[in-house]
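Chemist: There's a structure below that I have some questions on.
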Amino acid sequence: MSKILYCTLLIATLSILANTLRAQHQELQEKPAIWKGKLNQYEDSSSLLYAFKTGKVEGHFRYFFSATDNNRGLTDYYANAFGGGLRYETAKFYGFQMAVSGFYIFNIGSSDLTRRDSLTKLMNRYEIGLFDVQDPSNKNDLDRLEEFYIKYNFRKSFLKYGRQLINTPFINLQDGRMRPTGVEGIWFELNEIKKVHAEGGWIYAISPRSTVRWFSTAHSIGVYPMGVTTNGNRSNYFGNIDSKGVFLLGIRYHPVSWITISGWNMFLENVMNTTMLQVDFKNARTNGTQWILGAQFIRQDAVNNGGNNDPEKRYIDPKANTMTAGIQLGYLYRNLELTGAYNRIFANGRYLMPREWGRDPFFTFLPRERNEGLGDVHATTIKLSYNFPAQNLRTSLAGGYYHLPDVKNYRLNKYGMPSYTQLNFDLRLNFKGFLNGLDMQMLVVAKFNHGNIYNDKRFEFNKVNMVLYNLVFNYHF
């Protein structure tokens with residue numbers, strides 16, 4: 001009996017070992033199966049495997065052409081960038097989800113972006129942003145893990161931890177290059193209270209657009225050009241700011257359907273605090289007509305030493321503060337939209353917000369230029385848009401006049417930007433049929449000088465008296 005049992009166990013062991021080895025071995029005539037999952041006879045919807053198998057995969061290819069035509073005697077640049085990425089998010093498993101995404105970029109034909117302008121000795125501004133501003137010579141090894149988070153869903157709300165993408169007035173995607181700004185930290189959205197939406201969190205790391213690295217929140221400030229201090233010396237705060245991170249909180253309230261009240265606060269520990277209040281009115285459409293009205297107020301105050309005791313290494317002067325106020329009026333009739341806006345940055349100080357983190361929240365913002373780093377600003381814009389629904393086409397023409405302090409008024413002009421007029425023409429098309437998933441944007445930006453530049457081309461190069469051309473194709477699947 002013992003011999004029979006022994007032989008039976010030996011045969012069973014050899015059979016299991018043979019199956020195991022066969023599972024690990026790949027015959028030459030077989031198709032690759034390295035990534036195949038376990039084959040089950042049935043799907044258990046309560047299992048973790050089911051959550052992974054029924055997750056969602058998304059893809060994105062992007063092509064971006066950019067060219068800058070500067071005034072005569074100054075260097076012109078162009079660039080062609082192409083890239084692609086994948087994103088995967090699991091299905092919910094007891095309220096939990098996980099997501100991961102990454103993107104790669106190639107320089108497929110551009111000017112020498114390491115070459116400085118011979119007259120001003122300054123670097124390229126726009127085209128370099130399609131790649132890595134920290135290494136303009138890098139043309140191939142441009143990849144980044146953008147998202148990698150775990151998310152817990154409860155009812156209509158959620159909590160996320162890890163690398164992710166957010167969009168707020170102060171930290172946002174600012175997707176005007178190849179890839180947006182990413183953040184790492186804890187983020188929540190709360191939608192359990194009727195008529196109220198709240199979101200916020202603690203951000204401890206940031207990967208600015210036009211970079212491939214992740215930085216601590218403090219060390220992400222200064223990756224882009226830093227301008228000058230309020231006394232005119234060159235700023236040197238990159239890597240020198242002392243801060244544990246940034247906390248944001250935003251609340252949006254709809255007392256009635258046609259009124260939205262939004263409040264945001266951003267606390268950058270040991271550096272500054274910024275608070276924004278905005279009210280938007282939008283009546284119901286009547287005979288295809290609708291009116292919109294918006295008002296915005298922002299106050300900003302330094303905290304402690306502004307990031308560093310050394311004046312040239314701090315981000316903001318201690319005890320500094322500034323305020324901005326803006327208003328917007330719009331008229332919509334069927335497919336036509338006409339809006340006008342005015343924004344005032346008061347003269348008591350500069351409005352500061354790390355350019356690495358996002359674009360301006362002002363009503364008067366026009367793509368490809370900002371009013372960050374300025375005080376004593378009067379900005380006025382008007383924008384006309386028209387939709388062609390049958391063609392999936394949207395066009396817009398926008399113009400703005402920006403009255404800024406003198407370029408040598410260092411206290412109120414951080415980057416030496418003169419007063420200017422800006423004109424934007426924007427055309428966007430979503431393809432249908434065979435090319436469904438493909439969209440195109442063509443943007444032309446012209447900026448004209450209205451300030452005294454003291455015969456110094458550094459105040460003109462890549463800033464005014466120039467035209468910028470952008471052509472972008474996206475394919476989402």
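Convention: chains lettered A, B, ... in structure tokens order; per-chain residue numbering from 1; ligands numbered from 1 as shown.
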Go through region 139-272 of chain A and collect every residue that DSSP, computed from the backbone, puts in strand (DSSP E); the answer should be as a PyMOL selection string.

Modeler: chain A and resi 142-154+157-164+182-190+196-207+215-216+246-256+259-268+272

Chemist: Neighbours of Met323 (chain A) within 12 Å (only C-alpha atoms; same-chain residues fewer than 5 positions away dropped), as an mmCIF file with all heavy atoms, in the first residue's frame?

Modeler:
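Produced file selection.cif, reproduced below:
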data_model
loop_
_atom_site.group_PDB
_atom_site.id
_atom_site.type_symbol
_atom_site.label_atom_id
_atom_site.label_comp_id
_atom_site.auth_asym_id
_atom_site.auth_seq_id
_atom_site.Cartn_x
_atom_site.Cartn_y
_atom_site.Cartn_z
ATOM 1 N N ASN A 273 0.699 83.742 1.134
ATOM 2 C CA ASN A 273 -0.693 83.283 1.125
ATOM 3 C C ASN A 273 -1.471 84.103 0.100
ATOM 4 O O ASN A 273 -1.350 85.329 0.038
ATOM 5 C CB ASN A 273 -1.336 83.454 2.501
ATOM 6 C CG ASN A 273 -2.685 82.776 2.577
ATOM 7 O OD1 ASN A 273 -2.771 81.569 2.762
ATOM 8 N ND2 ASN A 273 -3.751 83.554 2.432
ATOM 9 N N THR A 274 -2.281 83.417 -0.715
ATOM 10 C CA THR A 274 -3.059 84.083 -1.765
ATOM 11 C C THR A 274 -4.513 83.647 -1.658
ATOM 12 O O THR A 274 -4.805 82.448 -1.601
ATOM 13 C CB THR A 274 -2.519 83.731 -3.159
ATOM 14 O OG1 THR A 274 -1.108 83.997 -3.209
ATOM 15 C CG2 THR A 274 -3.223 84.549 -4.230
ATOM 16 N N THR A 275 -5.417 84.621 -1.647
ATOM 17 C CA THR A 275 -6.853 84.355 -1.525
ATOM 18 C C THR A 275 -7.584 84.972 -2.713
ATOM 19 O O THR A 275 -7.303 86.112 -3.105
ATOM 20 C CB THR A 275 -7.414 84.951 -0.223
ATOM 21 O OG1 THR A 275 -6.699 84.401 0.887
ATOM 22 C CG2 THR A 275 -8.887 84.644 -0.071
ATOM 23 N N MET A 276 -8.520 84.213 -3.277
ATOM 24 C CA MET A 276 -9.302 84.693 -4.419
ATOM 25 C C MET A 276 -10.789 84.504 -4.161
ATOM 26 O O MET A 276 -11.219 83.460 -3.668
ATOM 27 C CB MET A 276 -8.928 83.941 -5.695
ATOM 28 C CG MET A 276 -9.595 84.494 -6.954
ATOM 29 S SD MET A 276 -9.301 83.475 -8.424
ATOM 30 C CE MET A 276 -10.642 82.282 -8.257
ATOM 31 N N LEU A 277 -11.584 85.513 -4.521
ATOM 32 C CA LEU A 277 -13.044 85.434 -4.475
ATOM 33 C C LEU A 277 -13.578 85.835 -5.833
ATOM 34 O O LEU A 277 -13.179 86.870 -6.392
ATOM 35 C CB LEU A 277 -13.604 86.364 -3.397
ATOM 36 C CG LEU A 277 -15.134 86.406 -3.283
ATOM 37 C CD1 LEU A 277 -15.674 85.039 -2.841
ATOM 38 C CD2 LEU A 277 -15.577 87.487 -2.303
ATOM 39 N N GLN A 296 -13.986 89.518 -9.887
ATOM 40 C CA GLN A 296 -12.936 88.751 -9.227
ATOM 41 C C GLN A 296 -12.073 89.667 -8.362
ATOM 42 O O GLN A 296 -11.787 90.812 -8.748
ATOM 43 C CB GLN A 296 -12.053 88.070 -10.276
ATOM 44 C CG GLN A 296 -10.920 87.223 -9.735
ATOM 45 C CD GLN A 296 -9.953 86.802 -10.842
ATOM 46 O OE1 GLN A 296 -9.047 87.535 -11.206
ATOM 47 N NE2 GLN A 296 -10.170 85.605 -11.384
ATOM 48 N N PHE A 297 -11.676 89.154 -7.212
ATOM 49 C CA PHE A 297 -10.773 89.895 -6.329
ATOM 50 C C PHE A 297 -9.740 88.924 -5.771
ATOM 51 O O PHE A 297 -10.078 87.816 -5.347
ATOM 52 C CB PHE A 297 -11.540 90.549 -5.177
ATOM 53 C CG PHE A 297 -10.657 91.254 -4.187
ATOM 54 C CD1 PHE A 297 -10.164 92.521 -4.453
ATOM 55 C CD2 PHE A 297 -10.300 90.638 -2.986
ATOM 56 C CE1 PHE A 297 -9.330 93.164 -3.545
ATOM 57 C CE2 PHE A 297 -9.470 91.273 -2.070
ATOM 58 C CZ PHE A 297 -8.983 92.549 -2.356
ATOM 59 N N ILE A 298 -8.456 89.349 -5.766
ATOM 60 C CA ILE A 298 -7.366 88.523 -5.241
ATOM 61 C C ILE A 298 -6.518 89.367 -4.295
ATOM 62 O O ILE A 298 -6.189 90.513 -4.613
ATOM 63 C CB ILE A 298 -6.479 87.972 -6.372
ATOM 64 C CG1 ILE A 298 -7.286 87.067 -7.307
ATOM 65 C CG2 ILE A 298 -5.287 87.197 -5.800
ATOM 66 C CD1 ILE A 298 -6.503 86.577 -8.514
ATOM 67 N N ARG A 299 -6.166 88.790 -3.156
ATOM 68 C CA ARG A 299 -5.226 89.426 -2.231
ATOM 69 C C ARG A 299 -4.102 88.460 -1.929
ATOM 70 O O ARG A 299 -4.317 87.262 -1.722
ATOM 71 C CB ARG A 299 -5.902 89.847 -0.928
ATOM 72 C CG ARG A 299 -4.894 90.527 0.030
ATOM 73 C CD ARG A 299 -5.471 90.942 1.349
ATOM 74 N NE ARG A 299 -4.404 91.399 2.237
ATOM 75 C CZ ARG A 299 -4.034 92.661 2.418
ATOM 76 N NH1 ARG A 299 -4.650 93.619 1.738
ATOM 77 N NH2 ARG A 299 -3.059 92.983 3.246
ATOM 78 N N GLN A 300 -2.886 89.008 -1.882
ATOM 79 C CA GLN A 300 -1.700 88.198 -1.665
ATOM 80 C C GLN A 300 -0.817 88.843 -0.602
ATOM 81 O O GLN A 300 -0.586 90.053 -0.624
ATOM 82 C CB GLN A 300 -0.931 88.065 -2.975
ATOM 83 C CG GLN A 300 0.247 87.131 -2.949
ATOM 84 C CD GLN A 300 0.839 86.959 -4.342
ATOM 85 O OE1 GLN A 300 1.599 87.799 -4.804
ATOM 86 N NE2 GLN A 300 0.457 85.878 -5.013
ATOM 87 N N ASP A 301 -0.328 88.026 0.337
ATOM 88 C CA ASP A 301 0.517 88.518 1.425
ATOM 89 C C ASP A 301 1.708 87.593 1.625
ATOM 90 O O ASP A 301 1.569 86.359 1.537
ATOM 91 C CB ASP A 301 -0.277 88.583 2.733
ATOM 92 C CG ASP A 301 -1.429 89.576 2.676
ATOM 93 O OD1 ASP A 301 -1.193 90.761 2.943
ATOM 94 O OD2 ASP A 301 -2.553 89.136 2.348
ATOM 95 N N ASN A 343 -8.878 94.163 -15.939
ATOM 96 C CA ASN A 343 -8.232 93.713 -14.705
ATOM 97 C C ASN A 343 -7.229 94.759 -14.245
ATOM 98 O O ASN A 343 -6.504 95.360 -15.041
ATOM 99 C CB ASN A 343 -7.508 92.383 -14.902
ATOM 100 C CG ASN A 343 -7.088 91.765 -13.584
ATOM 101 O OD1 ASN A 343 -7.913 91.252 -12.833
ATOM 102 N ND2 ASN A 343 -5.800 91.822 -13.276
ATOM 103 N N ARG A 344 -7.205 94.972 -12.934
ATOM 104 C CA ARG A 344 -6.299 95.936 -12.322
ATOM 105 C C ARG A 344 -5.449 95.229 -11.271
ATOM 106 O O ARG A 344 -5.983 94.582 -10.351
ATOM 107 C CB ARG A 344 -7.105 97.051 -11.667
ATOM 108 C CG ARG A 344 -6.331 97.987 -10.746
ATOM 109 C CD ARG A 344 -5.379 98.866 -11.504
ATOM 110 N NE ARG A 344 -4.821 99.927 -10.644
ATOM 111 C CZ ARG A 344 -3.650 100.495 -10.857
ATOM 112 N NH1 ARG A 344 -2.899 100.112 -11.890
ATOM 113 N NH2 ARG A 344 -3.227 101.459 -10.061
ATOM 114 N N ILE A 345 -4.109 95.281 -11.439
ATOM 115 C CA ILE A 345 -3.201 94.884 -10.370
ATOM 116 C C ILE A 345 -2.740 96.181 -9.725
ATOM 117 O O ILE A 345 -2.147 97.031 -10.390
ATOM 118 C CB ILE A 345 -1.998 94.086 -10.900
ATOM 119 C CG1 ILE A 345 -2.454 92.862 -11.689
ATOM 120 C CG2 ILE A 345 -1.101 93.648 -9.737
ATOM 121 C CD1 ILE A 345 -1.315 92.051 -12.289
ATOM 122 N N PHE A 346 -3.024 96.339 -8.452
ATOM 123 C CA PHE A 346 -2.766 97.613 -7.794
ATOM 124 C C PHE A 346 -1.262 97.845 -7.608
ATOM 125 O O PHE A 346 -0.445 96.922 -7.717
ATOM 126 C CB PHE A 346 -3.517 97.680 -6.471
ATOM 127 C CG PHE A 346 -5.005 97.683 -6.657
ATOM 128 C CD1 PHE A 346 -5.740 96.505 -6.552
ATOM 129 C CD2 PHE A 346 -5.675 98.852 -6.955
ATOM 130 C CE1 PHE A 346 -7.113 96.500 -6.735
ATOM 131 C CE2 PHE A 346 -7.050 98.863 -7.134
ATOM 132 C CZ PHE A 346 -7.772 97.683 -7.031
ATOM 133 N N ALA A 347 -0.918 99.111 -7.303
ATOM 134 C CA ALA A 347 0.481 99.542 -7.318
ATOM 135 C C ALA A 347 1.210 99.305 -6.008
ATOM 136 O O ALA A 347 2.375 99.702 -5.878
ATOM 137 C CB ALA A 347 0.555 101.023 -7.692
ATOM 138 N N ASN A 348 0.575 98.641 -5.045
ATOM 139 C CA ASN A 348 1.258 98.444 -3.763
ATOM 140 C C ASN A 348 2.249 97.285 -3.788
ATOM 141 O O ASN A 348 2.984 97.070 -2.821
ATOM 142 C CB ASN A 348 0.239 98.239 -2.629
ATOM 143 C CG ASN A 348 -0.761 97.157 -2.954
ATOM 144 O OD1 ASN A 348 -1.184 97.010 -4.091
ATOM 145 N ND2 ASN A 348 -1.162 96.396 -1.950
ATOM 146 N N GLY A 349 2.297 96.525 -4.871
ATOM 147 C CA GLY A 349 3.272 95.441 -4.967
ATOM 148 C C GLY A 349 3.045 94.584 -6.191
ATOM 149 O O GLY A 349 2.073 94.758 -6.940
ATOM 150 N N ARG A 350 3.966 93.639 -6.413
ATOM 151 C CA ARG A 350 3.843 92.691 -7.527
ATOM 152 C C ARG A 350 2.827 91.594 -7.199
ATOM 153 O O ARG A 350 2.777 91.117 -6.059
ATOM 154 C CB ARG A 350 5.174 92.002 -7.790
ATOM 155 C CG ARG A 350 6.353 92.873 -8.155
ATOM 156 C CD ARG A 350 7.612 92.013 -8.094
ATOM 157 N NE ARG A 350 8.800 92.665 -8.644
ATOM 158 C CZ ARG A 350 9.995 92.095 -8.667
ATOM 159 N NH1 ARG A 350 10.157 90.882 -8.143
ATOM 160 N NH2 ARG A 350 11.029 92.730 -9.185
ATOM 161 N N TYR A 351 2.077 91.153 -8.204
ATOM 162 C CA TYR A 351 1.326 89.904 -8.075
ATOM 163 C C TYR A 351 2.269 88.780 -8.480
ATOM 164 O O TYR A 351 2.777 88.750 -9.604
ATOM 165 C CB TYR A 351 0.084 89.898 -8.957
ATOM 166 C CG TYR A 351 -0.565 88.529 -9.022
ATOM 167 C CD1 TYR A 351 -1.357 88.068 -7.979
ATOM 168 C CD2 TYR A 351 -0.337 87.682 -10.114
ATOM 169 C CE1 TYR A 351 -1.928 86.804 -8.015
ATOM 170 C CE2 TYR A 351 -0.913 86.418 -10.158
ATOM 171 C CZ TYR A 351 -1.700 85.987 -9.109
ATOM 172 O OH TYR A 351 -2.258 84.731 -9.147
ATOM 173 N N LEU A 352 2.521 87.849 -7.558
ATOM 174 C CA LEU A 352 3.479 86.769 -7.787
ATOM 175 C C LEU A 352 2.786 85.411 -7.725
ATOM 176 O O LEU A 352 1.952 85.168 -6.859
ATOM 177 C CB LEU A 352 4.599 86.815 -6.749
ATOM 178 C CG LEU A 352 5.500 88.059 -6.771
ATOM 179 C CD1 LEU A 352 6.453 88.042 -5.584
ATOM 180 C CD2 LEU A 352 6.276 88.142 -8.075
ATOM 181 N N LEU A 374 4.047 91.399 -11.943
ATOM 182 C CA LEU A 374 3.825 92.824 -12.208
ATOM 183 C C LEU A 374 2.919 93.447 -11.156
ATOM 184 O O LEU A 374 2.099 92.772 -10.525
ATOM 185 C CB LEU A 374 3.191 93.014 -13.586
ATOM 186 C CG LEU A 374 4.048 92.630 -14.795
ATOM 187 C CD1 LEU A 374 3.177 92.464 -16.030
ATOM 188 C CD2 LEU A 374 5.137 93.660 -15.035
ATOM 189 N N GLY A 375 3.056 94.748 -10.992
ATOM 190 C CA GLY A 375 2.145 95.558 -10.202
ATOM 191 C C GLY A 375 1.794 96.801 -10.992
ATOM 192 O O GLY A 375 2.422 97.108 -12.013
ATOM 193 N N ASP A 376 0.775 97.529 -10.549
ATOM 194 C CA ASP A 376 0.333 98.748 -11.229
ATOM 195 C C ASP A 376 0.011 98.475 -12.701
ATOM 196 O O ASP A 376 0.541 99.113 -13.614
ATOM 197 C CB ASP A 376 1.389 99.845 -11.115
ATOM 198 C CG ASP A 376 0.834 101.215 -11.495
ATOM 199 O OD1 ASP A 376 -0.404 101.365 -11.570
ATOM 200 O OD2 ASP A 376 1.650 102.131 -11.727
ATOM 201 N N VAL A 377 -0.887 97.501 -12.924
ATOM 202 C CA VAL A 377 -1.256 97.071 -14.275
ATOM 203 C C VAL A 377 -2.708 97.435 -14.555
ATOM 204 O O VAL A 377 -3.587 97.234 -13.713
ATOM 205 C CB VAL A 377 -1.070 95.546 -14.435
ATOM 206 C CG1 VAL A 377 -1.590 95.075 -15.794
ATOM 207 C CG2 VAL A 377 0.390 95.166 -14.242
#

Chemist: Write out as a list in words the residues lying within 8 Å of Met272 (chain A), counting only C-alpha atoms and excluding same-chain residues fewer than 6 positions away.

Modeler: Gln300, Asp301, Ala302, Val303, Asn304, Gly306 and Ile316 of chain A

Chemist: Excluding Leu165 (chain A) and residues on its chain fewer than 2 positions from it, collect all residues at most 8 Å away from it, counting only C-alpha atoms, and give them as a list of chain:residue names.

Modeler: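 The residues satisfying every condition are A:Glu146, A:Glu147, A:Arg163, A:Asn167, A:Asn172, A:Leu173, A:Thr181, A:Gly182, A:Val183.
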
Chemist: Which distance in Å separates CA of Thr168 (chain A) and CA of Glu199 (chain A), to one decimal?

Modeler: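 These two atoms are separated by 9.4 Å.
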
Chemist: Counting only C-alpha atoms, which residues in region 177-247 of chain A sit no more than 8 Å from region 406-422 of chain A? For each one, give the nearest pair of atoms and the distance in Å, sorted by chain then residue number, as a tab-separated table.

Modeler:
residue	atom	partner	partner_atom	distance
A:Met226	CA	A:Tyr415	CA	7.8
A:Gly227	CA	A:Tyr415	CA	4.7
A:Val228	CA	A:Lys414	CA	5.4
A:Thr229	CA	A:Lys414	CA	6.8
A:Thr230	CA	A:Arg411	CA	4.1
A:Asn231	CA	A:Tyr410	CA	6.1
A:Gly232	CA	A:Tyr410	CA	5.3

Chemist: Taking all heavy atoms for each residue, export the selection above as a short mmCIF file (atom, residue, chain, number, x, y, z; two decimals), in the first residue's frame.

Modeler:
data_model
loop_
_atom_site.label_atom_id
_atom_site.label_comp_id
_atom_site.auth_asym_id
_atom_site.auth_seq_id
_atom_site.Cartn_x
_atom_site.Cartn_y
_atom_site.Cartn_z
N MET A 226 13.95 83.64 -13.57
CA MET A 226 13.54 84.18 -12.28
C MET A 226 13.40 85.69 -12.24
O MET A 226 12.96 86.25 -11.23
CB MET A 226 14.54 83.72 -11.20
CG MET A 226 14.50 82.23 -10.95
SD MET A 226 15.79 81.68 -9.78
CE MET A 226 17.21 81.64 -10.88
N GLY A 227 13.80 86.40 -13.29
CA GLY A 227 13.66 87.85 -13.28
C GLY A 227 14.59 88.51 -12.29
O GLY A 227 15.68 88.00 -11.98
N VAL A 228 14.15 89.66 -11.75
CA VAL A 228 15.00 90.43 -10.83
C VAL A 228 14.26 90.67 -9.52
O VAL A 228 13.03 90.57 -9.44
CB VAL A 228 15.40 91.79 -11.45
CG1 VAL A 228 16.23 91.58 -12.71
CG2 VAL A 228 14.18 92.65 -11.74
N THR A 229 15.04 91.00 -8.50
CA THR A 229 14.46 91.36 -7.20
C THR A 229 13.87 92.76 -7.28
O THR A 229 14.03 93.47 -8.28
CB THR A 229 15.53 91.31 -6.10
OG1 THR A 229 16.51 92.34 -6.38
CG2 THR A 229 16.22 89.95 -6.07
N THR A 230 13.24 93.20 -6.22
CA THR A 230 12.62 94.53 -6.22
C THR A 230 13.65 95.65 -6.25
O THR A 230 13.31 96.81 -6.54
CB THR A 230 11.71 94.71 -4.99
OG1 THR A 230 12.45 94.37 -3.81
CG2 THR A 230 10.49 93.80 -5.10
N ASN A 231 14.90 95.34 -5.95
CA ASN A 231 15.95 96.37 -6.05
C ASN A 231 16.77 96.25 -7.33
O ASN A 231 17.79 96.94 -7.49
CB ASN A 231 16.87 96.34 -4.82
CG ASN A 231 17.56 95.00 -4.66
OD1 ASN A 231 17.59 94.18 -5.57
ND2 ASN A 231 18.13 94.77 -3.48
N GLY A 232 16.36 95.36 -8.25
CA GLY A 232 16.99 95.28 -9.56
C GLY A 232 18.08 94.25 -9.69
O GLY A 232 18.62 94.04 -10.80
#

Chemist: Residues near Ile203 (chain A), anyone? I mean within 6 Å using only C-alpha atoms, not counting same-chain ones fewer than 2 positions away, as a PyMOL selection string.

Modeler: chain A and resi 184-185+205+245-246

Chemist: Which value, in Å to one decimal, gives the distance between CA of Glu189 (chain A) and CA of Glu372 (chain A)?

Modeler: 27.8 Å

Chemist: Just checking: using only C-alpha atoms, which residue out of A:Met98, A:Met466, A:Leu332, A:Leu366 ends up closest to Tyr77 (chain A)?

Modeler: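 Of all the options, A:Met466 lies closest to Tyr77 (chain A).
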
Chemist: Please provide the set of residues having any atom within 10 Å of Val223 (chain A), restricted to only C-alpha atoms, with same-chain residues fewer than 6 positions apart removed, written as an mmCIF file with N, CA, C and O atoms, in the first residue's frame.

Modeler:
data_model
loop_
_atom_site.group_PDB
_atom_site.id
_atom_site.type_symbol
_atom_site.label_atom_id
_atom_site.label_comp_id
_atom_site.auth_asym_id
_atom_site.auth_seq_id
_atom_site.Cartn_x
_atom_site.Cartn_y
_atom_site.Cartn_z
ATOM 1 N N VAL A 133 13.272 72.390 -20.559
ATOM 2 C CA VAL A 133 13.932 73.695 -20.394
ATOM 3 C C VAL A 133 15.250 73.567 -19.645
ATOM 4 O O VAL A 133 16.108 74.452 -19.742
ATOM 5 N N GLN A 134 15.442 72.485 -18.912
ATOM 6 C CA GLN A 134 16.691 72.296 -18.178
ATOM 7 C C GLN A 134 17.796 71.673 -19.018
ATOM 8 O O GLN A 134 18.962 71.718 -18.641
ATOM 9 N N PRO A 208 6.824 70.648 -13.359
ATOM 10 C CA PRO A 208 6.301 71.699 -14.240
ATOM 11 C C PRO A 208 6.261 71.246 -15.692
ATOM 12 O O PRO A 208 7.049 70.392 -16.120
ATOM 13 N N SER A 210 7.113 71.387 -19.556
ATOM 14 C CA SER A 210 8.410 71.665 -20.189
ATOM 15 C C SER A 210 9.575 71.136 -19.364
ATOM 16 O O SER A 210 10.703 71.617 -19.484
ATOM 17 N N THR A 211 9.312 70.157 -18.498
ATOM 18 C CA THR A 211 10.380 69.461 -17.772
ATOM 19 C C THR A 211 10.061 67.972 -17.777
ATOM 20 O O THR A 211 8.929 67.560 -18.075
ATOM 21 N N PHE A 215 10.163 67.734 -8.771
ATOM 22 C CA PHE A 215 10.859 68.539 -7.780
ATOM 23 C C PHE A 215 10.006 68.631 -6.516
ATOM 24 O O PHE A 215 8.774 68.543 -6.588
ATOM 25 N N TYR A 237 16.477 82.455 -6.455
ATOM 26 C CA TYR A 237 15.748 81.649 -5.476
ATOM 27 C C TYR A 237 15.624 80.184 -5.851
ATOM 28 O O TYR A 237 15.145 79.369 -5.049
ATOM 29 N N PHE A 238 16.046 79.784 -7.054
ATOM 30 C CA PHE A 238 15.939 78.372 -7.432
ATOM 31 C C PHE A 238 16.795 77.511 -6.502
ATOM 32 O O PHE A 238 18.000 77.702 -6.375
ATOM 33 N N GLY A 239 16.173 76.559 -5.847
ATOM 34 C CA GLY A 239 16.859 75.667 -4.928
ATOM 35 C C GLY A 239 17.159 76.260 -3.571
ATOM 36 O O GLY A 239 17.764 75.596 -2.723
ATOM 37 N N PRO A 354 4.288 81.315 -8.957
ATOM 38 C CA PRO A 354 5.299 80.583 -9.735
ATOM 39 C C PRO A 354 4.792 80.209 -11.126
ATOM 40 O O PRO A 354 3.770 79.530 -11.261
ATOM 41 N N ARG A 355 5.497 80.664 -12.144
ATOM 42 C CA ARG A 355 5.089 80.370 -13.519
ATOM 43 C C ARG A 355 5.176 78.881 -13.823
ATOM 44 O O ARG A 355 4.542 78.405 -14.762
ATOM 45 N N GLU A 356 5.967 78.172 -13.045
ATOM 46 C CA GLU A 356 6.064 76.725 -13.221
ATOM 47 C C GLU A 356 4.764 76.017 -12.862
ATOM 48 O O GLU A 356 4.559 74.861 -13.254
#

Chemist: Which of region 103-258 of chain A counts as helix (DSSP H, G or I) under DSSP, as a PyMOL selection string please?

Modeler: chain A and resi 127-130+218-220

Chemist: For those residues, write C-alpha atoms to a file as a compact mmCIF listing (two decimals), in the first residue's frame.

Modeler:
# COMPACT_ATOMS: atom_id res chain seq x y z
CA GLU A 127 10.04 76.59 -28.60
CA ILE A 128 12.33 75.36 -25.83
CA GLY A 129 9.18 74.76 -23.78
CA LEU A 130 8.13 71.89 -26.05
CA ALA A 218 9.84 74.61 -2.99
CA HIS A 219 12.50 73.56 -5.51
CA SER A 220 10.07 73.64 -8.45
